[in-house]
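Working notes, structure below.
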Amino acid sequence: MRAKGLFHLSVASLALCAGFAAPATAQVTDAESHAEEAPRDIIVTAQRREENLQDVPIAATAISGDQLDDKAVQRLADLQFAAPSVSITDQGLTQSVNLRGIGIASGSPAVANGVATYIDGVFQPPILTASSFYDIASIEVLRGPQGTLVGSNSTGGAIFINTQNPSTDRIKGNAEAHYGSYDAFGVQGAVNLPISDTLAVRVAGNTRWRDSYYTDIGPFQNEPDRLDEQAARIGLLWEPENFRALAKVEWIDKKTGGYAYRPIEGTTFANNRQDDFRELTYNAPTLNDERAFLSSLELRYELGGGVVLRSVSGYLNKRINNLYDSDGAFMASDISPAASFTQVSDQFVRERQWSQEFNVISPTDGDFNWILGGYFQKNKIDVIIENRSGDIVGDPTDIENYQDKRTLGVFAQAGYKVTPAIELQVGVRYSDYTVDSAGSVTIGSEGPVFGPDGLVVADLAGSHADGRLTGKIAANWTLNEDHTVYIFAARGYKPGGANSATSEFGPETVWDYELGWKGSFLDNHLRTQFGGFYMDYSDFQFDALDPATGLSGVTNISNASIWGFELQAQAKLGGFQFDGGMAFVDSSLDAVDIVNQRLLPQIGQLGPQCPVGTPSSPPVCFDYGPYIVTGGGGPNLFSPKWSYNFGVQYEFDVSDEATLTPRLNYAYVGSRWTNLLYNPDLDYLAGRGLLSAQLTLGFDDWSVQAYATNLTDKKYVSGQSGNNEFYGAPREYGVRASVSF
């Protein structure tokens with residue numbers, strides 16, 4: 001408690017110091033920026049070089065750090081309301097991030113994410129990615145497989161989150177505080193301190209609190225979804241002459257009081273749902289505690305001819321503790337502390353990762369440019385789950401799963417200008433992947449039937465290895481300084497894994513064919529990006545029950561074809577600004593036979609498939625034949641057909657130094673399916689459109705802003721996990737004040 005209090009005090013002190021220091025220096029004021037004649041250039045670094053987004057021949061969206069509040073983007077899930085083709089579905093422990101319908105459709109620790117997320121150049125596993133953004137330089141969303149520079153785990157695309165770097169130019173920083181509905185309060189800030197001409201340090205912090213959107217009327221009066229979050233980051237830059245060393249470390253501690261969800265209408269426990277979906281009926285204690293340590297070290301050295309040697313090292317340690325009522329409802333008819341526990345789960349997940357990348361990067365001032373690289377990544381994952389059923393029929397189930405993963409990659413990309421306007425580009429990468437797993441599923445431990453050690457019903461030990469050649473071939477044509485056309489074919493790959501000693505699943509692969517055009521009009525007042533794509537997607541990884549073991553595992557269940565188009569635009573004329581994006585994605589999955597687990601008896605472990613002629617006798621064996629149905633044959637999962645967003649604002653000059661800027665944002669994410677059974681009552685997330693607004697008064701380096709998100713208080717389901725569903729945030733409003741110096 002003392003350490004936590006000191007952290008809160010330090011962040012608040014940081015903001016206070018920033019406020020007192022603000023008048024000492026001046027940055028570009030809002031009134032001065034009003035005079036800009038065109039949208040600001042956005043520099044992206046996803047291709048290992050600093051490039052203008054408008055010149056990069058790929059489908060991408062980039063958001064600068066000072067645009068995050070404008071677009072109501074506070075965390076990763078909000079990107080689906082600011083970038084086309086992005087779909088992020090809440091699944092509790094993880095968020096299913098998909099681009100163009102490709103990403104991750106499984107909660108198994110054996111499955112890699114199909115959208116590679118990076119923070120400061122370091123790959124991030126899918127757990128603990130819901131923390132709030134602060135002190136961000138830019139966020140880059142790259143759509144389509146990135147099989148050369150990013151490599152495996154990027155069949156859908158990649159998201160690069162770049163935090164602010166230290167700078168040796170001067171003392172500077174910022175601070176922000178907000179207060180809003182649900183007693184939401186937060187403070188964040190950063191201070192940049194040059195120590196010498198070659199050495200600088202930057203310290204940033206963030207702390208946020210918010211009451212729960214829900215009321216648990218159960219006996220434990222849990223507070224699921226409340227927020228208590230702290231984070232701090234320290235960056236150190238040393239830059240003598242041609243060498244640069246940039247180190248960052250970050251700590252994150254986030255508590256939410258547990259996940260908030262209810263049984264889906266039509267499932268086993270749905271009759272215990274309240275009419276008001278903001279009222280929950282848990283009859284077990286809940287908690288959620290997420291902690292992370294992230295670190296990165298980038299070393300760069302520029303040789304005499306402009307060739308750059310680059311190294312990026314990373315280490316992270318993420319831990320999550322969960323205690324939750326799995327079925328999300330009462331079994332007992334009366335609400336009392338004596339009510340029977342139902343499906344209580346105690347879960348611990350820990351993932352550690354070591355990564356190293358080396359690059360040799362050529363300059364781009366000649367006809368020939370190139371990048372060479374090598375990559376190493378090692379992950380250790382620990383999953384321990386204790387399921388208890390209390391007074392309800394069923395044996396307790398203990399699950400332990402330990403995974404050691406290793407990824408190796410070598411890659412090269414080269415571009416050659418056959419004419420001053422036409423460049424041919426070729427990239428190739430080979431990835432090698434291995435995983436070794438251990439663990440077991442045990443039932444009835446410490447019980448009278450199977451004894452203190454219980455009965456091991458599944459051995460989760462196993463191993464898997466695979467590798468794939470991926471890459472890209474492209475032609476880029478610069479028509480003139482305002483227009484660029486590109487066409488390419490690219491291949492991406494996501495590795496397979498092992499469910500047990502007798503059950504493996506193979507990798508996913510995708511071929512992507514794209515044609516794109518980026519243009520500037522009206523003397524650069526209007527910029528557009530348009531692209532069309534066709535994707536051939538093979539060996540879709542999905543959770544399914546394996547009758548041979550009686551356990552749910554990952555299997556390569558289907559192939560798919562995906563096609564569509566995306567359009568983005570940004571405009572600025574005087575005080576008027578507009579930005580928007582739209583995507584259409586059409587997909588089709590092959591049909592497949594699977595076990596409909598919703599129809600199975602809810603009596604704990606059922607066991608493997610019984611031999612022919614042997615009657616069912618759970619947990620020894622079970623006959624799954626009557627429960628096998630045909631699934632698939634419809635659109636890809638987690639893939640809305642239509643999505644679009646736009647923001648519009650106008651900056652009024654109140655005085656020579658003050659401006660008033662109203663802004664409106666609207667974002668629509670279309671309906672999507674979450675299960676291959678395509679049950680409209682159980683597997684369907686309806687589309688939703690969300691409206692946000694803000695009014696900003698800027699004066700010199702200060703600003704005060706009134707904001708509101710989900711302005712119409714739209715009620716919508718944001719995700720599913722098993723037989724439970726999650727809900728989106730209600731209308732929130734408040735005021736924030738900020739200062740920069």
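Residues are referred to by chain and number: the chain letter is A, B, ... according to the order shown in the structure tokens, the number counts from 1 in that chain, and ligands are numbered separately from 1 in the order shown.
Contact shell of Arg262 (chain A) at 7 Å (only C-alpha atoms; same-chain neighbours under 4 positions omitted): A:Arg273, A:Leu280, A:Gly328, A:Asn724, A:Glu725, A:Phe726.
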Export, as a PDB file, in the first residue's frame, the selected residues with N, CA and C atoms.
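Saved file selection_37.pdb follows:
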```pdb
ATOM      1  N   ARG A 273     -30.473 -14.756 -15.616  1.00  0.00           N
ATOM      2  CA  ARG A 273     -30.061 -13.400 -15.978  1.00  0.00           C
ATOM      3  C   ARG A 273     -31.050 -12.375 -15.443  1.00  0.00           C
ATOM      4  N   LEU A 280     -25.468  -7.988 -12.412  1.00  0.00           N
ATOM      5  CA  LEU A 280     -24.887  -9.320 -12.518  1.00  0.00           C
ATOM      6  C   LEU A 280     -25.282 -10.141 -11.305  1.00  0.00           C
ATOM      7  N   GLY A 328     -21.355 -17.289 -14.556  1.00  0.00           N
ATOM      8  CA  GLY A 328     -21.889 -15.941 -14.439  1.00  0.00           C
ATOM      9  C   GLY A 328     -23.301 -15.846 -13.909  1.00  0.00           C
ATOM     10  N   ASN A 724     -20.784 -17.197 -22.255  1.00  0.00           N
ATOM     11  CA  ASN A 724     -20.985 -15.889 -21.644  1.00  0.00           C
ATOM     12  C   ASN A 724     -20.718 -14.778 -22.660  1.00  0.00           C
ATOM     13  N   GLU A 725     -21.326 -13.614 -22.406  1.00  0.00           N
ATOM     14  CA  GLU A 725     -21.123 -12.473 -23.289  1.00  0.00           C
ATOM     15  C   GLU A 725     -20.724 -11.239 -22.486  1.00  0.00           C
ATOM     16  N   PHE A 726     -19.922 -10.390 -23.123  1.00  0.00           N
ATOM     17  CA  PHE A 726     -19.430  -9.152 -22.536  1.00  0.00           C
ATOM     18  C   PHE A 726     -20.150  -7.973 -23.179  1.00  0.00           C
TER      19      PHE A 726
END
```
Between region 507-599 of chain A and region 647-657 of chain A, at 10 Å or less, what are the per-residue closest atom pairs and their distances in Å? Count only C-alpha atoms, order by chain and rising residue number, and return it as a Markdown table.
```
| residue | atom | partner | partner_atom | distance |
| --- | --- | --- | --- | --- |
| A:Gln570 | CA | A:Gly647 | CA | 9.5 |
| A:Ala571 | CA | A:Val648 | CA | 9.5 |
| A:Lys572 | CA | A:Tyr650 | CA | 9.6 |
| A:Leu573 | CA | A:Tyr650 | CA | 9.6 |
| A:Gly574 | CA | A:Glu651 | CA | 8.3 |
| A:Gly575 | CA | A:Glu651 | CA | 4.6 |
| A:Phe576 | CA | A:Tyr650 | CA | 4.5 |
| A:Gln577 | CA | A:Gln649 | CA | 5.4 |
| A:Phe578 | CA | A:Val648 | CA | 4.6 |
| A:Asp579 | CA | A:Gly647 | CA | 5.4 |
| A:Gly580 | CA | A:Gly647 | CA | 6.2 |
| A:Gly581 | CA | A:Gly647 | CA | 9.5 |
```
Give me, as a PyMOL selection string, all polymer residues having an atom no more than 10 Å from Asp211 (chain A), counting only C-alpha atoms and skipping those fewer than 4 positions away in the same chain. chain A and resi 181-185+223-228+256-257
Just C-alpha atoms for this one: save the residues we selected as a tab-separated table (two decimals), in the first residue's frame.
```
chain	number	residue	atom	x	y	z
A	181	SER	CA	-18.78	9.91	-14.83
A	182	TYR	CA	-18.53	6.72	-12.76
A	183	ASP	CA	-16.08	8.69	-10.59
A	184	ALA	CA	-13.45	8.28	-13.29
A	185	PHE	CA	-10.25	10.07	-12.34
A	223	GLU	CA	-17.07	-4.99	-8.40
A	224	PRO	CA	-16.32	-6.49	-11.80
A	225	ASP	CA	-14.94	-4.12	-14.42
A	226	ARG	CA	-13.95	-1.38	-11.98
A	227	LEU	CA	-10.58	0.09	-12.88
A	228	ASP	CA	-7.52	0.66	-10.73
A	256	THR	CA	-10.48	-4.58	-12.60
A	257	GLY	CA	-12.29	-6.51	-9.87
```
Could you check which of A:Gln609, A:Arg48, A:Ser520, A:Asn556 is closest to Glu357 (chain A), using only C-alpha atoms? A:Arg48
Among region 104-284 of chain A, which ones does DSSP assign to strand (DSSP E) (computed from the backbone)? Answer as a PyMOL selection string. chain A and resi 115-119+122-124+136-143+157-163+172-180+184-194+199-210+215-216+227-238+243-255+262-263+279-280
Hey, can you spit out that residue selection with C-alpha atoms as a short mmCIF file (atom, residue, chain, number, x, y, z; two decimals), in the first residue's frame?
```
data_model
loop_
_atom_site.label_atom_id
_atom_site.label_comp_id
_atom_site.auth_asym_id
_atom_site.auth_seq_id
_atom_site.Cartn_x
_atom_site.Cartn_y
_atom_site.Cartn_z
CA VAL A 115 -2.05 -9.87 -35.69
CA ALA A 116 1.43 -9.10 -34.40
CA THR A 117 1.40 -6.29 -31.82
CA TYR A 118 4.66 -4.50 -31.02
CA ILE A 119 5.53 -1.95 -28.34
CA VAL A 122 9.20 -5.70 -29.17
CA PHE A 123 6.57 -8.34 -30.01
CA GLN A 124 3.74 -8.65 -27.48
CA ILE A 136 2.50 7.78 -27.14
CA ALA A 137 4.37 9.03 -30.21
CA SER A 138 2.34 7.12 -32.80
CA ILE A 139 0.34 3.97 -33.46
CA GLU A 140 0.66 2.25 -36.83
CA VAL A 141 -1.85 -0.35 -38.07
CA LEU A 142 -0.59 -2.39 -41.04
CA ARG A 143 -3.24 -4.48 -42.78
CA GLY A 157 -1.35 -7.71 -40.09
CA ALA A 158 0.62 -5.85 -37.45
CA ILE A 159 0.12 -3.03 -34.94
CA PHE A 160 3.11 -0.94 -33.87
CA ILE A 161 2.77 1.14 -30.70
CA ASN A 162 5.62 3.65 -30.42
CA THR A 163 6.09 5.52 -27.17
CA LYS A 172 9.97 19.62 -22.00
CA GLY A 173 6.97 17.58 -21.05
CA ASN A 174 3.24 17.46 -20.55
CA ALA A 175 0.60 16.68 -17.97
CA GLU A 176 -3.07 15.82 -18.11
CA ALA A 177 -5.80 15.21 -15.56
CA HIS A 178 -9.40 14.18 -16.09
CA TYR A 179 -12.54 13.59 -14.06
CA GLY A 180 -15.76 12.10 -15.35
CA ALA A 184 -13.45 8.28 -13.29
CA PHE A 185 -10.25 10.07 -12.34
CA GLY A 186 -6.86 9.97 -13.93
CA VAL A 187 -3.53 11.76 -14.11
CA GLN A 188 -0.76 11.22 -16.63
CA GLY A 189 2.33 13.14 -17.54
CA ALA A 190 5.87 13.05 -18.84
CA VAL A 191 9.09 15.01 -18.32
CA ASN A 192 12.04 15.00 -20.72
CA LEU A 193 15.38 15.91 -19.12
CA PRO A 194 18.54 16.42 -21.20
CA LEU A 199 22.41 11.97 -22.92
CA ALA A 200 18.72 12.38 -21.99
CA VAL A 201 16.12 10.70 -19.82
CA ARG A 202 12.32 10.72 -20.11
CA VAL A 203 9.98 9.71 -17.29
CA ALA A 204 6.27 9.13 -17.89
CA GLY A 205 3.48 7.90 -15.66
CA ASN A 206 -0.23 7.11 -15.76
CA THR A 207 -2.77 6.39 -13.07
CA ARG A 208 -6.52 5.88 -13.51
CA TRP A 209 -9.47 4.90 -11.33
CA ARG A 210 -13.09 4.27 -12.25
CA THR A 215 -23.80 -3.91 -9.95
CA ASP A 216 -23.32 -7.42 -8.63
CA LEU A 227 -10.58 0.09 -12.88
CA ASP A 228 -7.52 0.66 -10.73
CA GLU A 229 -4.54 1.08 -13.02
CA GLN A 230 -1.01 2.41 -12.62
CA ALA A 231 1.89 2.45 -15.05
CA ALA A 232 5.30 4.09 -15.29
CA ARG A 233 7.93 4.20 -18.02
CA ILE A 234 11.54 5.36 -17.99
CA GLY A 235 13.49 5.96 -21.18
CA LEU A 236 17.22 6.64 -21.52
CA LEU A 237 18.88 7.94 -24.69
CA TRP A 238 22.62 8.10 -25.35
CA PHE A 243 25.80 5.78 -32.42
CA ARG A 244 22.48 5.70 -30.59
CA ALA A 245 21.40 3.61 -27.60
CA LEU A 246 17.74 3.82 -26.53
CA ALA A 247 16.57 1.85 -23.49
CA LYS A 248 13.07 1.74 -22.01
CA VAL A 249 11.51 -0.07 -19.07
CA GLU A 250 7.84 -0.03 -18.09
CA TRP A 251 5.79 -1.32 -15.17
CA ILE A 252 2.03 -1.91 -15.41
CA ASP A 253 -0.33 -2.86 -12.58
CA LYS A 254 -4.00 -3.11 -13.51
CA LYS A 255 -6.89 -4.37 -11.38
CA ARG A 262 -23.64 -12.74 -18.28
CA PRO A 263 -24.80 -16.05 -19.76
CA GLU A 279 -26.90 -6.13 -13.02
CA LEU A 280 -24.89 -9.32 -12.52
#
```
